file final_12.pdb (PDB, C-alpha atoms and all ligand atoms)
MODEL        1
ATOM      1  CA  MET A 239     105.234  99.600  79.753
ATOM      2  CA  SER A 240     105.547  96.753  82.266
ATOM      3  CA  SER A 241     102.448  95.888  84.257
ATOM      4  CA  LEU A 242     102.071  94.415  87.689
ATOM      5  CA  ASP A 243     101.192  90.763  88.280
ATOM      6  CA  TYR A 244      98.643  91.170  91.079
ATOM      7  CA  ASP A 245      98.852  87.463  91.924
ATOM      8  CA  ARG A 246     102.269  88.263  93.415
ATOM      9  CA  VAL A 247     100.937  90.898  95.823
ATOM     10  CA  ALA A 248      97.457  89.502  96.530
ATOM     11  CA  ASP A 249      98.251  88.134 100.003
ATOM     12  CA  ALA A 250      99.544  91.492 101.269
ATOM     13  CA  TYR A 251      97.286  93.862  99.302
ATOM     14  CA  HIS A 252      94.394  94.238 101.772
ATOM     15  CA  ARG A 253      96.703  95.441 104.614
ATOM     16  CA  ARG A 254      96.462  98.943 103.159
ATOM     17  CA  TYR A 255      92.864  99.166 104.346
ATOM     18  CA  ALA A 256      93.888  98.654 107.990
ATOM     19  CA  GLN A 257      95.994 101.853 107.751
ATOM     20  CA  SER A 258      93.671 103.737 105.426
ATOM     21  CA  PRO A 259      90.108 102.376 105.066
ATOM     22  CA  MET A 260      89.012 105.378 102.950
ATOM     23  CA  PRO A 261      85.414 105.477 104.269
ATOM     24  CA  GLY A 262      84.561 108.369 101.933
ATOM     25  CA  VAL A 263      84.868 106.056  98.947
ATOM     26  CA  ALA A 264      82.517 103.482 100.488
ATOM     27  CA  ARG A 265      80.043 106.255 101.340
ATOM     28  CA  ALA A 266      80.155 107.710  97.835
ATOM     29  CA  LEU A 267      79.540 104.276  96.271
ATOM     30  CA  ASN A 268      76.625 103.560  98.612
ATOM     31  CA  ASP A 269      75.101 106.993  97.930
ATOM     32  CA  LEU A 270      75.460 106.403  94.205
ATOM     33  CA  ALA A 271      73.844 102.970  94.392
ATOM     34  CA  GLU A 272      70.909 104.465  96.316
ATOM     35  CA  ALA A 273      70.566 107.499  94.024
ATOM     36  CA  HIS A 274      70.370 105.208  90.977
ATOM     37  CA  ALA A 275      68.238 102.591  92.770
ATOM     38  CA  ALA A 276      70.919 100.154  91.576
ATOM     39  CA  ARG A 277      70.143  96.524  92.294
ATOM     40  CA  ARG A 278      72.619  94.855  89.917
ATOM     41  CA  ILE A 279      76.110  96.174  90.623
ATOM     42  CA  LEU A 280      79.405  95.183  88.974
ATOM     43  CA  GLU A 281      82.849  96.112  90.271
ATOM     44  CA  VAL A 282      85.534  95.864  87.582
ATOM     45  CA  GLY A 283      89.025  95.241  88.963
ATOM     46  CA  CYS A 284      87.465  94.332  92.311
ATOM     47  CA  GLY A 285      90.752  93.127  93.784
ATOM     48  CA  THR A 286      90.354  91.767  97.310
ATOM     49  CA  GLY A 287      86.744  92.958  97.611
ATOM     50  CA  ARG A 288      87.079  96.047  99.849
ATOM     51  CA  TRP A 289      84.317  97.999  98.052
ATOM     52  CA  LEU A 290      81.928  95.134  97.326
ATOM     53  CA  GLU A 291      82.075  94.319 101.024
ATOM     54  CA  ALA A 292      80.967  97.887 101.797
ATOM     55  CA  LEU A 293      78.074  97.664  99.339
ATOM     56  CA  GLN A 294      76.512  94.462 100.665
ATOM     57  CA  ALA A 295      72.745  94.776 101.187
ATOM     58  CA  PRO A 296      69.908  92.267 100.794
ATOM     59  CA  HIS A 297      68.348  94.182  97.868
ATOM     60  CA  ARG A 298      71.572  94.275  95.823
ATOM     61  CA  LYS A 299      73.063  91.647  93.506
ATOM     62  CA  LEU A 300      76.828  92.219  93.527
ATOM     63  CA  VAL A 301      79.319  90.791  91.032
ATOM     64  CA  GLY A 302      83.108  91.204  91.059
ATOM     65  CA  LEU A 303      85.426  90.921  88.056
ATOM     66  CA  ASP A 304      89.225  90.853  88.000
ATOM     67  CA  PRO A 305      91.902  89.113  85.898
ATOM     68  CA  SER A 306      93.973  88.148  88.952
ATOM     69  CA  ARG A 307      93.099  84.761  90.385
ATOM     70  CA  GLY A 308      95.088  85.578  93.546
ATOM     71  CA  MET A 309      93.083  88.762  94.180
ATOM     72  CA  LEU A 310      89.793  86.949  93.506
ATOM     73  CA  LEU A 311      90.711  84.170  95.960
ATOM     74  CA  GLN A 312      91.260  86.861  98.606
ATOM     75  CA  ALA A 313      87.915  88.477  97.740
ATOM     76  CA  ARG A 314      86.145  85.132  98.053
ATOM     77  CA  THR A 315      87.313  84.679 101.636
ATOM     78  CA  ARG A 316      85.575  87.971 102.471
ATOM     79  CA  LEU A 317      82.506  87.533 100.295
ATOM     80  CA  PRO A 318      81.747  83.820  99.879
ATOM     81  CA  HIS A 319      78.283  84.499  98.415
ATOM     82  CA  VAL A 320      79.320  86.996  95.745
ATOM     83  CA  PRO A 321      79.970  85.622  92.228
ATOM     84  CA  PHE A 322      83.413  86.492  90.865
ATOM     85  CA  ILE A 323      84.483  86.439  87.219
ATOM     86  CA  GLN A 324      88.108  86.141  86.123
ATOM     87  CA  ALA A 325      88.299  88.452  83.077
ATOM     88  CA  VAL A 326      89.633  91.804  81.882
ATOM     89  CA  ALA A 327      87.763  95.089  81.756
ATOM     90  CA  GLU A 328      88.256  95.546  78.027
ATOM     91  CA  ALA A 329      86.287  92.377  77.184
ATOM     92  CA  LEU A 330      83.456  92.107  79.690
ATOM     93  CA  PRO A 331      81.913  88.633  79.292
ATOM     94  CA  LEU A 332      78.479  89.914  80.310
ATOM     95  CA  ALA A 333      75.080  90.283  78.642
ATOM     96  CA  PRO A 334      73.985  93.678  77.263
ATOM     97  CA  ALA A 335      71.962  95.845  79.664
ATOM     98  CA  SER A 336      72.563  93.481  82.584
ATOM     99  CA  PHE A 337      73.743  96.003  85.262
ATOM    100  CA  ASP A 338      72.446  99.240  86.822
ATOM    101  CA  LEU A 339      75.816 100.386  88.150
ATOM    102  CA  ILE A 340      79.377  99.565  87.107
ATOM    103  CA  PHE A 341      82.267 101.002  89.069
ATOM    104  CA  LEU A 342      85.996 100.718  89.351
ATOM    105  CA  VAL A 343      88.445 102.048  91.928
ATOM    106  CA  GLN A 344      92.167 102.514  91.236
ATOM    107  CA  VAL A 345      92.059 100.376  88.091
ATOM    108  CA  LEU A 346      91.912 102.660  85.041
ATOM    109  CA  HIS A 347      95.706 103.088  84.870
ATOM    110  CA  HIS A 348      96.117  99.318  84.574
ATOM    111  CA  LEU A 349      93.952  98.997  81.479
ATOM    112  CA  ALA A 350      95.650  98.432  78.125
ATOM    113  CA  ASP A 351      92.692 100.176  76.468
ATOM    114  CA  PRO A 352      90.538 102.308  78.795
ATOM    115  CA  VAL A 353      88.438 103.612  75.891
ATOM    116  CA  GLN A 354      87.501 100.067  74.905
ATOM    117  CA  PHE A 355      86.491  99.410  78.519
ATOM    118  CA  ILE A 356      84.278 102.530  78.696
ATOM    119  CA  HIS A 357      82.456 101.411  75.535
ATOM    120  CA  ALA A 358      82.154  97.859  76.900
ATOM    121  CA  ALA A 359      80.695  99.224  80.145
ATOM    122  CA  ARG A 360      78.103 101.225  78.244
ATOM    123  CA  ARG A 361      76.938  98.083  76.439
ATOM    124  CA  VAL A 362      76.605  96.162  79.709
ATOM    125  CA  LEU A 363      74.703  98.960  81.500
ATOM    126  CA  ASN A 364      70.969  99.368  81.078
ATOM    127  CA  ALA A 365      69.427 102.678  79.955
ATOM    128  CA  GLY A 366      69.783 105.124  82.833
ATOM    129  CA  GLY A 367      72.529 103.025  84.432
ATOM    130  CA  ALA A 368      75.656 104.662  85.842
ATOM    131  CA  LEU A 369      79.383 104.219  85.374
ATOM    132  CA  ALA A 370      81.636 105.408  88.223
ATOM    133  CA  LEU A 371      85.405 105.672  87.803
ATOM    134  CA  ALA A 372      87.441 106.442  90.906
ATOM    135  CA  GLY A 373      91.140 106.919  91.426
ATOM    136  CA  ILE A 374      93.866 109.152  92.785
ATOM    137  CA  ASP A 375      94.347 112.445  90.974
ATOM    138  CA  PHE A 376      98.075 112.158  90.306
ATOM    139  CA  HIS A 377      98.029 115.365  88.253
ATOM    140  CA  ALA A 378      96.378 117.566  90.927
ATOM    141  CA  PRO A 379      98.365 120.753  91.653
ATOM    142  CA  ASP A 380      98.521 119.996  95.397
ATOM    143  CA  PHE A 381      99.494 116.333  94.949
ATOM    144  CA  VAL A 382     102.477 115.370  97.149
ATOM    145  CA  TRP A 383     103.970 111.918  97.674
ATOM    146  CA  TYR A 384     107.331 111.533  99.375
ATOM    147  CA  ILE A 385     107.890 108.264  97.480
ATOM    148  CA  TYR A 386     108.626 110.320  94.348
ATOM    149  CA  ASN A 387     111.577 111.999  96.081
ATOM    150  CA  TYR A 388     113.342 108.764  96.988
ATOM    151  CA  PHE A 389     112.520 106.124  94.353
ATOM    152  CA  GLU A 390     113.922 106.871  90.903
ATOM    153  CA  GLY A 391     111.644 106.692  87.886
ATOM    154  CA  VAL A 392     108.367 106.317  89.814
ATOM    155  CA  ARG A 393     107.050 109.806  89.095
ATOM    156  CA  ALA A 394     107.833 109.579  85.367
ATOM    157  CA  ARG A 395     106.142 106.205  85.073
ATOM    158  CA  ASP A 396     103.032 107.482  86.893
ATOM    159  CA  GLU A 397     102.834 110.556  84.671
ATOM    160  CA  ALA A 398     102.804 108.260  81.659
ATOM    161  CA  ARG A 399     100.311 105.684  82.914
ATOM    162  CA  TYR A 400      97.685 107.768  84.743
ATOM    163  CA  PRO A 401      95.341 109.490  82.290
ATOM    164  CA  ARG A 402      94.192 112.964  83.306
ATOM    165  CA  TRP A 403      90.614 113.036  84.587
ATOM    166  CA  GLU A 404      89.637 115.625  81.928
ATOM    167  CA  GLN A 405      90.721 113.045  79.368
ATOM    168  CA  VAL A 406      88.652 110.325  81.045
ATOM    169  CA  ARG A 407      85.653 112.635  81.062
ATOM    170  CA  ALA A 408      86.072 113.249  77.308
ATOM    171  CA  TRP A 409      86.206 109.485  76.696
ATOM    172  CA  MET A 410      82.949 109.064  78.634
ATOM    173  CA  VAL A 411      81.234 111.785  76.601
ATOM    174  CA  GLU A 412      82.417 110.175  73.343
ATOM    175  CA  ALA A 413      81.022 106.817  74.502
ATOM    176  CA  GLY A 414      77.590 108.393  75.097
ATOM    177  CA  PHE A 415      77.592 109.015  78.852
ATOM    178  CA  GLU A 416      75.672 112.064  80.063
ATOM    179  CA  GLN A 417      75.331 114.210  83.201
ATOM    180  CA  ILE A 418      78.963 113.572  84.093
ATOM    181  CA  THR A 419      79.988 114.742  87.541
ATOM    182  CA  THR A 420      83.403 114.808  89.218
ATOM    183  CA  ARG A 421      84.030 115.054  92.927
ATOM    184  CA  VAL A 422      86.675 114.348  95.523
ATOM    185  CA  VAL A 423      85.549 111.387  97.648
ATOM    186  CA  HIS A 424      88.592 110.978  99.874
ATOM    187  CA  VAL A 425      91.703 112.962 100.789
ATOM    188  CA  THR A 426      94.822 111.264 102.157
ATOM    189  CA  ASP A 427      96.831 113.799 104.120
ATOM    190  CA  VAL A 428      99.511 112.306 106.328
ATOM    191  CA  THR A 429     103.054 113.228 107.363
ATOM    192  CA  PHE A 430     105.483 110.790 108.944
ATOM    193  CA  VAL A 431     108.364 112.171 111.015
ATOM    194  CA  GLY A 432     111.745 110.436 110.774
ATOM    195  CA  GLU A 433     111.683 106.691 111.561
ATOM    196  CA  GLU A 434     107.867 106.719 111.674
ATOM    197  CA  VAL A 435     107.942 106.423 107.897
ATOM    198  CA  PHE A 436     108.935 102.766 108.165
ATOM    199  CA  GLY A 437     105.477 102.151 109.640
ATOM    200  CA  ASP A 438     103.833 103.405 106.447
ATOM    201  CA  VAL A 439     102.128 100.403 104.841
ATOM    202  CA  PHE A 440     102.529 102.064 101.420
ATOM    203  CA  LEU A 441     106.311 101.924 101.741
ATOM    204  CA  SER A 442     106.245  98.134 101.579
ATOM    205  CA  LYS A 443     107.255  96.825  98.156
ATOM    206  CA  SER A 444     104.063  94.817  97.693
ATOM    207  CA  ALA A 445     101.657  97.570  98.783
ATOM    208  CA  THR A 446     101.515  99.668  95.615
ATOM    209  CA  SER A 447     102.074  99.028  91.933
ATOM    210  CA  GLN A 448     104.607 101.909  91.942
ATOM    211  CA  LEU A 449     107.032 100.088  94.253
ATOM    212  CA  ALA A 450     106.133  96.548  93.177
ATOM    213  CA  LEU A 451     107.195  97.436  89.617
ATOM    214  CA  LEU A 452     110.705  98.421  90.773
ATOM    215  CA  SER A 453     113.580  95.943  90.685
ATOM    216  CA  ASP A 454     114.735  94.795  94.122
ATOM    217  CA  GLU A 455     117.907  96.873  93.648
ATOM    218  CA  ALA A 456     115.982 100.047  92.780
ATOM    219  CA  TYR A 457     113.657  99.516  95.740
ATOM    220  CA  GLU A 458     116.578  99.002  98.146
ATOM    221  CA  ALA A 459     118.291 102.105  96.743
ATOM    222  CA  GLY A 460     115.174 104.150  97.526
ATOM    223  CA  LEU A 461     115.034 102.813 101.082
ATOM    224  CA  ALA A 462     118.734 103.631 101.493
ATOM    225  CA  ARG A 463     118.024 107.249 100.436
ATOM    226  CA  ILE A 464     115.283 107.459 103.053
ATOM    227  CA  ARG A 465     117.628 106.079 105.726
ATOM    228  CA  ALA A 466     120.309 108.582 104.702
ATOM    229  CA  ALA A 467     117.830 111.450 104.981
ATOM    230  CA  ILE A 468     116.865 110.338 108.501
ATOM    231  CA  THR A 469     120.507 109.979 109.514
ATOM    232  CA  ALA A 470     121.144 113.538 108.299
ATOM    233  CA  ASP A 471     118.012 114.820 110.048
ATOM    234  CA  PRO A 472     116.088 112.510 112.398
ATOM    235  CA  LEU A 473     113.100 114.849 112.086
ATOM    236  CA  SER A 474     112.883 114.566 108.276
ATOM    237  CA  LEU A 475     109.283 114.863 107.093
ATOM    238  CA  PHE A 476     107.693 112.355 104.703
ATOM    239  CA  GLN A 477     104.487 113.850 103.383
ATOM    240  CA  THR A 478     101.571 112.480 101.375
ATOM    241  CA  HIS A 479      98.664 114.550 100.075
ATOM    242  CA  MET A 480      96.415 112.864  97.512
ATOM    243  CA  ASP A 481      92.831 113.345  96.359
ATOM    244  CA  MET A 482      90.725 110.400  95.314
ATOM    245  CA  VAL A 483      88.240 111.586  92.676
ATOM    246  CA  MET A 484      85.156 109.895  91.317
ATOM    247  CA  LEU A 485      83.681 110.562  87.888
ATOM    248  CA  VAL A 486      80.096 109.415  87.393
ATOM    249  CA  GLY A 487      78.228 109.332  84.101
ATOM    250  CA  ARG A 488      74.758 108.123  83.200
ATOM    251  CA  CYS A 489      73.816 106.068  80.118
ATOM    252  CA  GLY A 490      71.590 108.186  77.914
TER     253      GLY A 490
HETATM  254  C1  LIG B   1      95.107  98.830  92.665
HETATM  255  S1  LIG B   1      94.200  97.327  92.533
HETATM  256  C2  LIG B   1      92.558  97.897  92.993
HETATM  257  C3  LIG B   1      91.685  96.804  93.563
HETATM  258  C4  LIG B   1      90.360  97.308  94.134
HETATM  259  N1  LIG B   1      89.574  98.001  93.139
HETATM  260  C5  LIG B   1      90.610  98.221  95.307
HETATM  261  O1  LIG B   1      90.397  99.452  95.166
HETATM  262  O2  LIG B   1      91.020  97.721  96.354
HETATM  263  C6  LIG B   1      94.040  97.129  90.790
HETATM  264  C7  LIG B   1      93.233  95.918  90.372
HETATM  265  O3  LIG B   1      93.015  96.008  88.941
HETATM  266  C8  LIG B   1      93.085  94.713  88.419
HETATM  267  N2  LIG B   1      93.344  94.784  86.982
HETATM  268  C9  LIG B   1      94.537  94.880  86.342
HETATM  269  N3  LIG B   1      94.356  94.871  85.014
HETATM  270  C10 LIG B   1      93.023  94.781  84.798
HETATM  271  C11 LIG B   1      92.208  94.701  83.623
HETATM  272  N4  LIG B   1      92.734  94.749  82.408
HETATM  273  N5  LIG B   1      90.872  94.583  83.792
HETATM  274  C12 LIG B   1      90.321  94.571  85.034
HETATM  275  N6  LIG B   1      91.042  94.634  86.179
HETATM  276  C13 LIG B   1      92.377  94.740  86.057
HETATM  277  C14 LIG B   1      94.194  94.048  89.223
HETATM  278  O4  LIG B   1      94.174  92.640  89.123
HETATM  279  C15 LIG B   1      93.916  94.573  90.624
HETATM  280  O5  LIG B   1      93.069  93.728  91.345
ENDMDL
END

call {"tool": "encode", "arguments": {"input": "final_12.pdb", "output": "C-alpha cells"}}
result
Amino acid sequence: MSSLDYDRVADAYHRRYAQSPMPGVARALNDLAEAHAARRILEVGCGTGRWLEALQAPHRKLVGLDPSRGMLLQARTRLPHVPFIQAVAEALPLAPASFDLIFLVQVLHHLADPVQFIHAARRVLNAGGALALAGIDFHAPDFVWYIYNYFEGVRARDEARYPRWEQVRAWMVEAGFEQITTRVVHVTDVTFVGEEVFGDVFLSKSATSQLALLSDEAYEAGLARIRAAITADPLSLFQTHMDMVMLVGRCG
C-alpha cells in the first residue's frame, strides 16, 4: 500500500489545528502525564509538534520523534528547546527504560509494523511507565465522513490501513501492557451546508493522508462530484462525525 511522504505536506499540515484544535486530546495527555507523574515524555510521530506544545511544563523533559524532516522542521519553529529525533517508530533509537510516558496521535495506521513498535515502546518505557495510542475510530458504528461519498477508493483504503482498536488492545496485552483503558477524548461533529464545504480545511488535498494519497485526477474528480451535488441542491449537507479514542496501557 502506498504511504504518504509527509515532507510534501509539512508546510500546510498545522492549519488543521486552526479549524479544529481538539482540546480534549491535549487535556487527556496532560491528565495522563500528571496521573503517571511522567517527567520524561516521548511523542512518536510528533509531526509539527501540536501535542508536545500542549504538554510543555518546567518539570517535564519532552522529546519528539518523526521520520519526516519537513514535519520536524515545522515542530522546531514551535518548540526550539525540545530535542527532535528523525527516526521511525519501529526502531526507536533510545535507551531501555528511558521514558515514563510514550504517546502517539494519528500515527498507528502509518506504521509498517505496529506490533514491532508496541514491543519497542515497552523496552524504552520504565517499569510502571505508560503507552498511550490515540487516533480516530474509523470503524465506529456512528462514524460519518462525507469525503467517503465523493472520493473513490478512500473508504476501502482506510478500512485496510486502520487497525481496529480491539486489535490494538490485543497487541498491547501480548506485549505485556496491563490495566489497559480505552476512552473517547474528542468528538468531531460538524456539518457544512452547500458551498460552506469549500471552507473545510480537511477538504484540501494536503490536509489529510486520505486525499494526499489520491492522484490529482482522482482528487479533482471528487471535487467535481461535490460541485455537482451543490448545483443539484445548494443546501446539500456535508457531514463529519468522528470519535478520537485513546488507549492507555501500563508496563507491568
Ligand atoms: C497524521 S500525522 C500526525 C502528526 C501528529 N502526531 C499530530 O497529531 O499532529 C502522522 C505522522 O506520523 C509520521 N510517521 C509516518 N510514518 C512513521 C513511522 N514509521 N514512525 C513514526 N512516525 C511516522 C509522519 O511523518 C507524520 O508526522

call {"tool": "resolve_selection", "arguments": {"input": "final_12.pdb", "expression": "the PyMOL selection byres (((chain A and resi 365-372) around 7) and not hetatm)", "output": "ChimeraX atom specification"}}
result
/A:338-344,363-364,373,482-490

call {"tool": "resolve_selection", "arguments": {"input": "final_12.pdb", "expression": "the PyMOL selection byres (((not hetatm)) within 6 of (chain B and resi 1))", "output": "PyMOL selection string"}}
result
chain A and resi 244+282-285+288+304-306+309+326-327+342-345+348-349

call {"tool": "atom_distance", "arguments": {"input": "final_12.pdb", "atom1": "atom CA of Leu317 of chain A", "atom2": "atom CA of Ile356 of chain A"}}
result
26.4 Å

call {"tool": "atom_distance", "arguments": {"input": "final_12.pdb", "atom1": "atom CA of Leu452 of chain A", "atom2": "atom CA of Asn387 of chain A"}}
result
14.6 Å

call {"tool": "residues_near_point", "arguments": {"input": "final_12.pdb", "point": "(95.8, 105.6, 82.2)", "cutoff": "8 Å", "atoms": "all atoms listed in the file", "output": "count of residues only"}}
result
10

call {"tool": "atom_distance", "arguments": {"input": "final_12.pdb", "atom1": "atom CA of Arg298 of chain A", "atom2": "atom CA of Leu332 of chain A"}}
result
17.5 Å

call {"tool": "resolve_selection", "arguments": {"input": "final_12.pdb", "expression": "the PyMOL selection byres (((chain A and resi 286) around 9) and not hetatm)", "output": "list in words"}}
result
Ala248, Tyr251, His252, Cys284, Gly285, Gly287, Arg288, Trp289, Gly308, Met309, Leu310, Leu311, Gln312, Ala313, Arg314, Thr315 and Arg316 of chain A

call {"tool": "build_atoms", "arguments": {"input": "final_12.pdb", "residues": "segment 397-414 of chain A", "atoms": "N, CA and C atoms", "output": "PDB file, in the frame of the given file"}}
result
ATOM      1  N   GLU A 397     103.332 109.508  85.582  1.00  0.00           N
ATOM      2  CA  GLU A 397     102.834 110.556  84.671  1.00  0.00           C
ATOM      3  C   GLU A 397     102.413 109.941  83.350  1.00  0.00           C
ATOM      4  N   ALA A 398     103.128 108.893  82.935  1.00  0.00           N
ATOM      5  CA  ALA A 398     102.804 108.260  81.659  1.00  0.00           C
ATOM      6  C   ALA A 398     101.573 107.353  81.765  1.00  0.00           C
ATOM      7  N   ARG A 399     101.370 106.707  82.898  1.00  0.00           N
ATOM      8  CA  ARG A 399     100.311 105.684  82.914  1.00  0.00           C
ATOM      9  C   ARG A 399      98.976 106.166  83.461  1.00  0.00           C
ATOM     10  N   TYR A 400      98.968 107.280  84.217  1.00  0.00           N
ATOM     11  CA  TYR A 400      97.685 107.768  84.743  1.00  0.00           C
ATOM     12  C   TYR A 400      97.079 108.789  83.794  1.00  0.00           C
ATOM     13  N   PRO A 401      95.958 108.470  83.138  1.00  0.00           N
ATOM     14  CA  PRO A 401      95.341 109.490  82.290  1.00  0.00           C
ATOM     15  C   PRO A 401      94.817 110.637  83.158  1.00  0.00           C
ATOM     16  N   ARG A 402      94.787 111.827  82.592  1.00  0.00           N
ATOM     17  CA  ARG A 402      94.192 112.964  83.306  1.00  0.00           C
ATOM     18  C   ARG A 402      92.681 112.768  83.355  1.00  0.00           C
ATOM     19  N   TRP A 403      92.059 113.248  84.435  1.00  0.00           N
ATOM     20  CA  TRP A 403      90.614 113.036  84.587  1.00  0.00           C
ATOM     21  C   TRP A 403      89.813 113.784  83.530  1.00  0.00           C
ATOM     22  N   GLU A 404      90.349 114.934  83.031  1.00  0.00           N
ATOM     23  CA  GLU A 404      89.637 115.625  81.928  1.00  0.00           C
ATOM     24  C   GLU A 404      89.592 114.732  80.690  1.00  0.00           C
ATOM     25  N   GLN A 405      90.670 113.969  80.493  1.00  0.00           N
ATOM     26  CA  GLN A 405      90.721 113.045  79.368  1.00  0.00           C
ATOM     27  C   GLN A 405      89.681 111.922  79.546  1.00  0.00           C
ATOM     28  N   VAL A 406      89.594 111.417  80.760  1.00  0.00           N
ATOM     29  CA  VAL A 406      88.652 110.325  81.045  1.00  0.00           C
ATOM     30  C   VAL A 406      87.217 110.820  80.811  1.00  0.00           C
ATOM     31  N   ARG A 407      86.979 112.038  81.249  1.00  0.00           N
ATOM     32  CA  ARG A 407      85.653 112.635  81.062  1.00  0.00           C
ATOM     33  C   ARG A 407      85.315 112.716  79.563  1.00  0.00           C
ATOM     34  N   ALA A 408      86.288 113.140  78.767  1.00  0.00           N
ATOM     35  CA  ALA A 408      86.072 113.249  77.308  1.00  0.00           C
ATOM     36  C   ALA A 408      85.775 111.863  76.718  1.00  0.00           C
ATOM     37  N   TRP A 409      86.477 110.847  77.182  1.00  0.00           N
ATOM     38  CA  TRP A 409      86.206 109.485  76.696  1.00  0.00           C
ATOM     39  C   TRP A 409      84.771 109.063  77.027  1.00  0.00           C
ATOM     40  N   MET A 410      84.317 109.445  78.233  1.00  0.00           N
ATOM     41  CA  MET A 410      82.949 109.064  78.634  1.00  0.00           C
ATOM     42  C   MET A 410      81.912 109.761  77.753  1.00  0.00           C
ATOM     43  N   VAL A 411      82.166 111.043  77.467  1.00  0.00           N
ATOM     44  CA  VAL A 411      81.234 111.785  76.601  1.00  0.00           C
ATOM     45  C   VAL A 411      81.178 111.124  75.221  1.00  0.00           C
ATOM     46  N   GLU A 412      82.360 110.811  74.672  1.00  0.00           N
ATOM     47  CA  GLU A 412      82.417 110.175  73.343  1.00  0.00           C
ATOM     48  C   GLU A 412      81.664 108.851  73.319  1.00  0.00           C
ATOM     49  N   ALA A 413      81.684 108.135  74.442  1.00  0.00           N
ATOM     50  CA  ALA A 413      81.022 106.817  74.502  1.00  0.00           C
ATOM     51  C   ALA A 413      79.519 106.956  74.741  1.00  0.00           C
ATOM     52  N   GLY A 414      79.036 108.183  74.956  1.00  0.00           N
ATOM     53  CA  GLY A 414      77.590 108.393  75.097  1.00  0.00           C
ATOM     54  C   GLY A 414      77.114 108.553  76.525  1.00  0.00           C
TER      55      GLY A 414
END
